[in-house]
Each structure stands twice: as C-alpha cells, then as structure tokens.
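So this block is query_8.cif, mmCIF, C-alpha atoms and all ligand atoms:
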data_final
#
loop_
_atom_site.group_PDB
_atom_site.id
_atom_site.type_symbol
_atom_site.label_atom_id
_atom_site.label_comp_id
_atom_site.auth_asym_id
_atom_site.auth_seq_id
_atom_site.Cartn_x
_atom_site.Cartn_y
_atom_site.Cartn_z
ATOM 1 C CA MET A 157 -2.231 -1.290 -14.153
ATOM 2 C CA SER A 158 -1.210 -3.050 -10.933
ATOM 3 C CA LYS A 159 2.089 -4.828 -11.108
ATOM 4 C CA ILE A 160 4.426 -6.941 -9.006
ATOM 5 C CA LYS A 161 8.191 -7.359 -9.122
ATOM 6 C CA VAL A 162 9.885 -9.994 -7.009
ATOM 7 C CA PHE A 163 13.557 -9.548 -6.161
ATOM 8 C CA SER A 164 16.178 -11.429 -4.217
ATOM 9 C CA GLU A 165 17.563 -9.531 -1.236
ATOM 10 C CA ASN A 166 20.506 -8.735 -3.539
ATOM 11 C CA THR A 167 18.178 -6.873 -5.931
ATOM 12 C CA GLU A 168 18.193 -9.565 -8.626
ATOM 13 C CA LEU A 169 14.829 -9.484 -10.438
ATOM 14 C CA LEU A 170 13.270 -12.952 -10.108
ATOM 15 C CA GLU A 171 9.815 -12.376 -11.552
ATOM 16 C CA GLU A 172 7.495 -9.631 -12.688
ATOM 17 C CA SER A 173 3.846 -9.728 -13.617
ATOM 18 C CA ASN A 174 0.890 -7.458 -14.220
ATOM 19 C CA ASN A 175 -1.568 -10.341 -14.260
ATOM 20 C CA GLN A 176 -3.964 -9.821 -11.350
ATOM 21 C CA GLU A 177 -4.387 -13.539 -10.694
ATOM 22 C CA ARG A 178 -0.632 -14.138 -10.677
ATOM 23 C CA ILE A 179 -0.106 -11.155 -8.344
ATOM 24 C CA LYS A 180 -2.708 -12.618 -5.985
ATOM 25 C CA ILE A 181 -1.027 -16.036 -5.970
ATOM 26 C CA ILE A 182 2.476 -14.663 -5.378
ATOM 27 C CA LEU A 183 1.226 -12.512 -2.510
ATOM 28 C CA ALA A 184 -0.997 -15.209 -0.990
ATOM 29 C CA ASP A 185 2.135 -17.369 -0.758
ATOM 30 C CA ILE A 186 3.645 -14.862 1.665
ATOM 31 C CA GLY A 187 0.409 -14.203 3.558
ATOM 32 C CA ILE A 188 -0.534 -10.946 1.839
ATOM 33 C CA LYS A 189 -4.129 -10.375 0.808
ATOM 34 C CA PHE A 190 -4.569 -8.597 -2.523
ATOM 35 C CA GLU A 191 -7.941 -8.182 -4.176
ATOM 36 C CA GLN A 192 -9.987 -5.848 -6.347
ATOM 37 C CA TRP A 193 -13.195 -4.089 -5.481
ATOM 38 C CA GLN A 194 -15.351 -2.730 -8.245
ATOM 39 C CA LEU A 195 -14.891 0.954 -9.040
ATOM 40 C CA PRO A 196 -17.856 2.857 -10.491
ATOM 41 C CA SER A 197 -16.985 5.231 -13.326
ATOM 42 C CA ASN A 198 -18.072 8.271 -11.282
ATOM 43 C CA VAL A 199 -15.891 7.431 -8.276
ATOM 44 C CA GLN A 200 -13.869 10.628 -8.702
ATOM 45 C CA GLU A 201 -16.994 12.708 -8.192
ATOM 46 C CA LEU A 202 -18.003 11.024 -4.918
ATOM 47 C CA ASN A 203 -17.417 12.771 -1.614
ATOM 48 C CA GLU A 204 -16.105 11.025 1.480
ATOM 49 C CA GLU A 205 -19.533 10.043 2.837
ATOM 50 C CA GLU A 206 -20.628 8.696 -0.545
ATOM 51 C CA ILE A 207 -17.468 6.568 -0.742
ATOM 52 C CA TYR A 208 -18.178 5.061 2.717
ATOM 53 C CA GLU A 209 -21.742 4.400 1.585
ATOM 54 C CA LEU A 210 -20.641 2.812 -1.714
ATOM 55 C CA TYR A 211 -18.289 0.390 0.051
ATOM 56 C CA SER A 212 -20.305 -0.095 3.241
ATOM 57 C CA ASP A 213 -20.507 -3.911 2.891
ATOM 58 C CA GLN A 214 -16.792 -4.305 2.155
ATOM 59 C CA ILE A 215 -15.829 -1.891 4.959
ATOM 60 C CA LYS A 216 -18.006 -3.820 7.421
ATOM 61 C CA LEU A 217 -16.386 -7.090 6.388
ATOM 62 C CA ILE A 218 -12.831 -5.736 6.677
ATOM 63 C CA LYS A 219 -13.584 -4.223 10.092
ATOM 64 C CA GLU A 220 -15.034 -7.503 11.338
ATOM 65 C CA THR A 221 -12.272 -9.651 9.848
ATOM 66 C CA TYR A 222 -9.365 -7.626 11.209
ATOM 67 C CA LYS A 223 -11.062 -6.162 14.324
ATOM 68 C CA PHE A 224 -10.608 -2.602 13.108
ATOM 69 C CA LYS A 225 -12.689 0.076 14.771
ATOM 70 C CA ALA A 226 -12.561 2.780 12.132
ATOM 71 C CA VAL A 227 -11.846 3.780 8.572
ATOM 72 C CA ASP A 228 -10.792 7.089 7.103
ATOM 73 C CA LEU A 229 -10.023 8.501 3.684
ATOM 74 C CA MET A 230 -6.493 9.612 2.825
ATOM 75 C CA ASN A 231 -6.576 12.156 0.037
ATOM 76 C CA ILE A 232 -3.067 13.019 -1.079
ATOM 77 C CA ASN A 233 -2.302 15.160 -4.095
ATOM 78 C CA ASN A 234 0.613 17.024 -5.501
ATOM 79 C CA SER A 235 0.138 19.967 -3.150
ATOM 80 C CA PHE A 236 1.217 17.593 -0.382
ATOM 81 C CA ALA A 237 4.680 17.596 -1.987
ATOM 82 C CA GLN A 238 4.858 21.367 -1.444
ATOM 83 C CA ASN A 239 4.757 20.972 2.351
ATOM 84 C CA SER A 240 8.066 21.788 3.965
ATOM 85 C CA ASN A 241 8.104 18.428 5.762
ATOM 86 C CA PHE A 242 7.171 16.366 2.675
ATOM 87 C CA LYS A 243 10.642 14.890 2.194
ATOM 88 C CA ALA A 244 10.847 13.779 5.824
ATOM 89 C CA THR A 245 7.323 12.319 5.701
ATOM 90 C CA ARG A 246 8.110 10.360 2.538
ATOM 91 C CA GLU A 247 11.340 9.055 4.095
ATOM 92 C CA LYS A 248 9.461 7.876 7.183
ATOM 93 C CA PHE A 249 7.357 5.506 5.065
ATOM 94 C CA LEU A 250 10.316 4.535 2.887
ATOM 95 C CA LYS A 251 12.393 2.989 5.649
ATOM 96 C CA GLU A 252 11.784 -0.681 6.333
ATOM 97 C CA HIS A 253 9.437 -1.154 9.295
ATOM 98 C CA THR A 254 6.678 -3.204 10.894
ATOM 99 C CA HIS A 255 3.491 -2.292 12.775
ATOM 100 C CA SER A 256 1.654 -4.012 15.593
ATOM 101 C CA ASP A 257 -1.579 -3.840 13.533
ATOM 102 C CA ASP A 258 -2.305 -4.987 9.998
ATOM 103 C CA GLU A 259 -1.947 -2.234 7.396
ATOM 104 C CA VAL A 260 -5.014 -2.420 5.146
ATOM 105 C CA ARG A 261 -5.424 0.036 2.274
ATOM 106 C CA TYR A 262 -7.950 0.307 -0.526
ATOM 107 C CA PHE A 263 -6.958 2.552 -3.447
ATOM 108 C CA ILE A 264 -9.787 4.588 -4.916
ATOM 109 C CA SER A 265 -7.556 6.555 -7.248
ATOM 110 C CA GLY A 266 -3.904 7.190 -7.995
ATOM 111 C CA SER A 267 -1.169 4.783 -6.994
ATOM 112 C CA GLY A 268 1.359 3.814 -4.344
ATOM 113 C CA LEU A 269 4.184 1.315 -4.091
ATOM 114 C CA PHE A 270 4.119 -1.200 -1.247
ATOM 115 C CA THR A 271 7.235 -3.310 -0.844
ATOM 116 C CA ILE A 272 7.183 -6.393 1.356
ATOM 117 C CA HIS A 273 10.390 -7.980 2.630
ATOM 118 C CA LYS A 274 9.562 -11.541 3.543
ATOM 119 C CA ALA A 275 10.923 -15.079 3.102
ATOM 120 C CA LYS A 276 14.295 -13.640 1.978
ATOM 121 C CA LYS A 277 12.630 -11.949 -0.981
ATOM 122 C CA VAL A 278 11.467 -8.436 -1.754
ATOM 123 C CA HIS A 279 8.044 -8.013 -3.364
ATOM 124 C CA SER A 280 7.241 -4.587 -4.824
ATOM 125 C CA ILE A 281 3.571 -4.095 -5.612
ATOM 126 C CA LEU A 282 2.308 -1.138 -7.576
ATOM 127 C CA CYS A 283 -1.189 -0.612 -6.168
ATOM 128 C CA GLU A 284 -3.664 1.277 -8.297
ATOM 129 C CA ALA A 285 -7.331 2.265 -8.228
ATOM 130 C CA GLY A 286 -9.505 -0.698 -7.230
ATOM 131 C CA ASP A 287 -6.771 -2.576 -5.348
ATOM 132 C CA LEU A 288 -7.038 -3.667 -1.733
ATOM 133 C CA ILE A 289 -3.897 -4.808 0.038
ATOM 134 C CA ASN A 290 -3.343 -6.105 3.548
ATOM 135 C CA VAL A 291 0.143 -6.079 5.015
ATOM 136 C CA PRO A 292 -0.192 -8.214 8.162
ATOM 137 C CA ALA A 293 1.095 -7.044 11.542
ATOM 138 C CA ASN A 294 4.831 -7.590 12.094
ATOM 139 C CA THR A 295 5.563 -7.934 8.355
ATOM 140 C CA GLN A 296 8.626 -5.968 7.260
ATOM 141 C CA HIS A 297 7.681 -3.500 4.558
ATOM 142 C CA TRP A 298 7.949 0.051 3.259
ATOM 143 C CA PHE A 299 5.753 2.331 1.192
ATOM 144 C CA ASP A 300 6.453 5.011 -1.361
ATOM 145 C CA MET A 301 4.055 7.689 -2.528
ATOM 146 C CA GLY A 302 6.594 9.067 -5.049
ATOM 147 C CA SER A 303 7.924 12.568 -5.541
ATOM 148 C CA LYS A 304 4.570 13.631 -7.042
ATOM 149 C CA PRO A 305 2.093 11.918 -4.712
ATOM 150 C CA GLU A 306 -1.403 11.427 -6.019
ATOM 151 C CA PHE A 307 -3.754 8.947 -4.423
ATOM 152 C CA LYS A 308 -6.968 8.526 -2.532
ATOM 153 C CA CYS A 309 -7.309 5.484 -0.313
ATOM 154 C CA LEU A 310 -9.332 4.020 2.509
ATOM 155 C CA ARG A 311 -7.246 3.340 5.606
ATOM 156 C CA PHE A 312 -8.433 1.030 8.367
ATOM 157 C CA PHE A 313 -7.344 1.248 11.989
ATOM 158 C CA SER A 314 -8.090 0.409 15.600
ATOM 159 C CA ASP A 315 -6.184 3.245 17.219
ATOM 160 C CA GLU A 316 -3.138 5.245 16.235
ATOM 161 C CA SER A 317 -0.771 3.126 18.329
ATOM 162 C CA GLY A 318 -1.169 0.342 15.759
ATOM 163 C CA TRP A 319 0.448 2.593 13.134
ATOM 164 C CA ILE A 320 3.614 3.389 15.043
ATOM 165 C CA PRO A 321 6.459 2.096 12.870
ATOM 166 C CA ASP A 322 9.016 -0.179 14.426
ATOM 167 C CA TYR A 323 12.052 0.360 12.192
ATOM 168 C CA SER A 324 14.307 -2.531 11.174
ATOM 169 C CA ASP A 325 17.924 -2.330 12.329
ATOM 170 C CA GLU A 326 19.151 -2.577 8.771
ATOM 171 C CA SER A 327 16.702 -1.230 6.237
ATOM 172 C CA ILE A 328 17.414 -2.478 2.723
ATOM 173 C CA SER A 329 14.781 -0.267 1.114
ATOM 174 C CA HIS A 330 17.309 2.179 -0.414
ATOM 175 C CA LYS A 331 18.631 -0.644 -2.645
ATOM 176 C CA PHE A 332 15.262 -1.058 -4.389
ATOM 177 C CA GLU A 333 13.234 1.010 -6.833
ATOM 178 C CA ASN A 334 11.132 3.784 -5.364
ATOM 179 C CA LEU A 335 7.803 4.651 -6.995
ATOM 180 C CA ASP A 336 9.329 7.136 -9.481
ATOM 181 C CA GLU A 337 11.886 4.576 -10.670
ATOM 182 C CA TYR A 338 9.346 1.744 -10.718
ATOM 183 C CA ILE A 339 6.993 3.666 -12.999
ATOM 184 C CA GLU A 340 9.831 4.849 -15.217
ATOM 185 C CA LEU A 341 11.060 1.280 -15.719
ATOM 186 C CA CYS A 342 7.595 -0.202 -16.345
HETATM 187 FE FE FE B 1 3.724 0.746 7.187
#

Show me the file's structure as structure tokens.
Ligand SMILES: [Fe+2]
Amino acid sequence: MSKIKVFSENTELLEESNNQERIKIILADIGIKFEQWQLPSNVQELNEEEIYELYSDQIKLIKETYKFKAVDLMNINNSFAQNSNFKATREKFLKEHTHSDDEVRYFISGSGLFTIHKAKKVHSILCEAGDLINVPANTQHWFDMGSKPEFKCLRFFSDESGWIPDYSDESISHKFENLDEYIELC
C-alpha cells in the first residue's frame, strides 16, 4: 500500500499516512501530483505494446500536459541487482538532485521510494502499483529502488538531457530511510 512519511530536515517524523487522499493533499501542498490509475487484474500478463494501448488516453494527456515527446517502460527486476554496476547505479539515484524536466512515473507493478526535499521538509513516498507521481523540474529529490529492485513503470521524457541530474552541494539523503529500511519499519 502506498504510504507517505513527512520528516523535518533533522529527521524528526512529523506525520505518516497510508490514506491515499491524505497523501494527495500533503503532496499537492508542495506542488507534487500524485494520483491512481486503474490497474486491470491481468496487468502482469500484458506486454509493452498492450500496456501503451491500455493507458493510451492517460499517456496522451500526460504528454500534452507536460510537453513530453515520448514514453517508455522501465522493467527492473532482481537480476538488475546482479549487474556489476548496480551499487553505483543505485547510488546515483539516491543522492539528492534536480532535473531540468519534470520526472513523471507511473508504477504498473512493484515499488519505489521517491523522497522530495522541499519547504524545509522531507517527504518520503512509497509508490506502488497504480500510482502516478510527478516530481516537477528543479525540485530536490532522490529515488531508491532498494537492494532487491522489482518494479515496472512508465517513464515520460522529452529527450535524455532532461534527465541529467544536477546534484545538490549537500545531499541529506543518507540521513533518511532508504527503501529497505522504509519497508522494514512499515
Ligand atoms: Fe530524479
């Protein structure tokens, strides 16, 4: 189940909730879009083309709204963790950064932890199947796929330059729970 934890910059837990409406309100307050798209029960059996077809209306709307040119499907499973560069790849996402484009993700299966550092607070959102999240351009954030990554998500983009991370001078991400710890403490 999706969940949010809100911390002070000093890691004091201020609020936590797994109520979808409350998560939406907390995130809307800091300019983050969070919504659910319906997941059919056979979604795991669909191939990439069938997934694009299933969500064609939503994909069109997201592309128009955010001026994205394309969408692709990220399919990450545990074998990804066997790659020799897995640790470095995970670390790259884990350090606080911004992008020049919005980061829009729709989770079809599995989970991932987005953490937004904004308004002197840290918001950690466990995204699960059915969740769409938009981290606007120039918003400080980090992402963790965990030590046993397992997720499938739609990823929207204009061109790859929009993804280049601009790292913060002083990342505070190491002070906060990563995905493994977050799930363990749930
Ligand atoms: Fe990012």

- Pick out the closest residue to Ser235 in chain A from this set: A:Ser303, A:Asn198, A:Ser158, A:Ser317. Count all atoms listed in the file.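 Checking each of A:Ser303, A:Asn198, A:Ser158, A:Ser317 against Ser235 in chain A, counting all atoms listed in the file, the winner is A:Ser303.
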
- Specify as a PyMOL selection string each residue included when the PyMOL selection byres (((not hetatm)) within 7 of (chain B and resi 1)) is applied to this file. chain A and resi 249+253-255+259+297-299+321

- Task: Quick one: pull the distance between CA of His279 in chain A and CA of Ile160 in chain A, Å, one decimal.
- Result: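 Atom-to-atom, CA of His279 in chain A and CA of Ile160 in chain A are spaced 6.8 Å apart.
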
- Task: For CA of Asp258 in chain A and CA of Gln192 in chain A, determine how far apart the two atoms are, in Å to one decimal place.
- Result: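 Rounded to one decimal, the two atoms are 18.1 Å apart.
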
Need the shell around Asn174 in chain A: protein/DNA/RNA residues with any atom at most 10 Å away, counting only C-alpha atoms. Skip same-chain ones fewer than 2 positions apart. Format as a PDB file with C-alpha atoms, keeping the file's coordinate frame?
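Below is the file that was written, part_3.pdb:
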ATOM      1  CA  MET A 157      -2.231  -1.290 -14.153  1.00  0.00           C
ATOM      2  CA  SER A 158      -1.210  -3.050 -10.933  1.00  0.00           C
ATOM      3  CA  LYS A 159       2.089  -4.828 -11.108  1.00  0.00           C
ATOM      4  CA  ILE A 160       4.426  -6.941  -9.006  1.00  0.00           C
ATOM      5  CA  LYS A 161       8.191  -7.359  -9.122  1.00  0.00           C
ATOM      6  CA  GLU A 172       7.495  -9.631 -12.688  1.00  0.00           C
ATOM      7  CA  GLN A 176      -3.964  -9.821 -11.350  1.00  0.00           C
ATOM      8  CA  GLU A 177      -4.387 -13.539 -10.694  1.00  0.00           C
ATOM      9  CA  ARG A 178      -0.632 -14.138 -10.677  1.00  0.00           C
ATOM     10  CA  ILE A 179      -0.106 -11.155  -8.344  1.00  0.00           C
ATOM     11  CA  ILE A 281       3.571  -4.095  -5.612  1.00  0.00           C
ATOM     12  CA  LEU A 282       2.308  -1.138  -7.576  1.00  0.00           C
TER      13      LEU A 282
END

- Task: Could you expand the PyMOL selection byres (((chain A and resi 301) around 8) and not hetatm) into the explicit residues it covers here, written as JSON, numbers by chain?
- Result: {"A": [246, 267, 268, 269, 299, 300, 302, 303, 304, 305, 306, 335]}

- Task: May I ask which of the residues A:Phe263, A:Trp193, A:Tyr222, A:Phe307 is the closest one to Asn234 in chain A, counting all atoms listed in the file?
- Result: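 Comparing A:Phe263, A:Trp193, A:Tyr222, A:Phe307 against Asn234 in chain A, the winner is A:Phe307.
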
- Might you pull out every residue within 8 Å of Phe190 in chain A, with all atoms listed in the file counted and same-chain residues fewer than 4 positions away left off, and present them as a VMD selection string? chain A and resid 179 to 180 183 to 184 287 to 290

May I have the residues from that selection written out with C-alpha atoms, as an mmCIF file, in the coordinates of the input?
data_model
loop_
_atom_site.group_PDB
_atom_site.id
_atom_site.type_symbol
_atom_site.label_atom_id
_atom_site.label_comp_id
_atom_site.auth_asym_id
_atom_site.auth_seq_id
_atom_site.Cartn_x
_atom_site.Cartn_y
_atom_site.Cartn_z
ATOM 1 C CA ILE A 179 -0.106 -11.155 -8.344
ATOM 2 C CA LYS A 180 -2.708 -12.618 -5.985
ATOM 3 C CA LEU A 183 1.226 -12.512 -2.510
ATOM 4 C CA ALA A 184 -0.997 -15.209 -0.990
ATOM 5 C CA ASP A 287 -6.771 -2.576 -5.348
ATOM 6 C CA LEU A 288 -7.038 -3.667 -1.733
ATOM 7 C CA ILE A 289 -3.897 -4.808 0.038
ATOM 8 C CA ASN A 290 -3.343 -6.105 3.548
#

- If you count all atoms listed in the file, which residues fall within 10 Å of His330 in chain A, apart from same-chain ones fewer than 2 positions away, as a list in words?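 Near neighbours after the sequence-gap exclusion: Leu250, Lys251, Glu252, Ser327, Ile328, Phe332, Glu333 and Asn334 of chain A.
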
- For range 225-229 of chain A, work out the shell of residues within 9 Å, counting all atoms listed in the file and skipping chain neighbours fewer than 2 positions away, then give it as a VMD selection string. chain A and resid 204 207 to 208 215 219 to 220 223 231 308 to 315

- Evaluate the PyMOL selection byres (((chain A and resi 164) around 9) and not hetatm) and report residues as an NGL selection string: :A and (162-163 or 165-170 or 276-279)
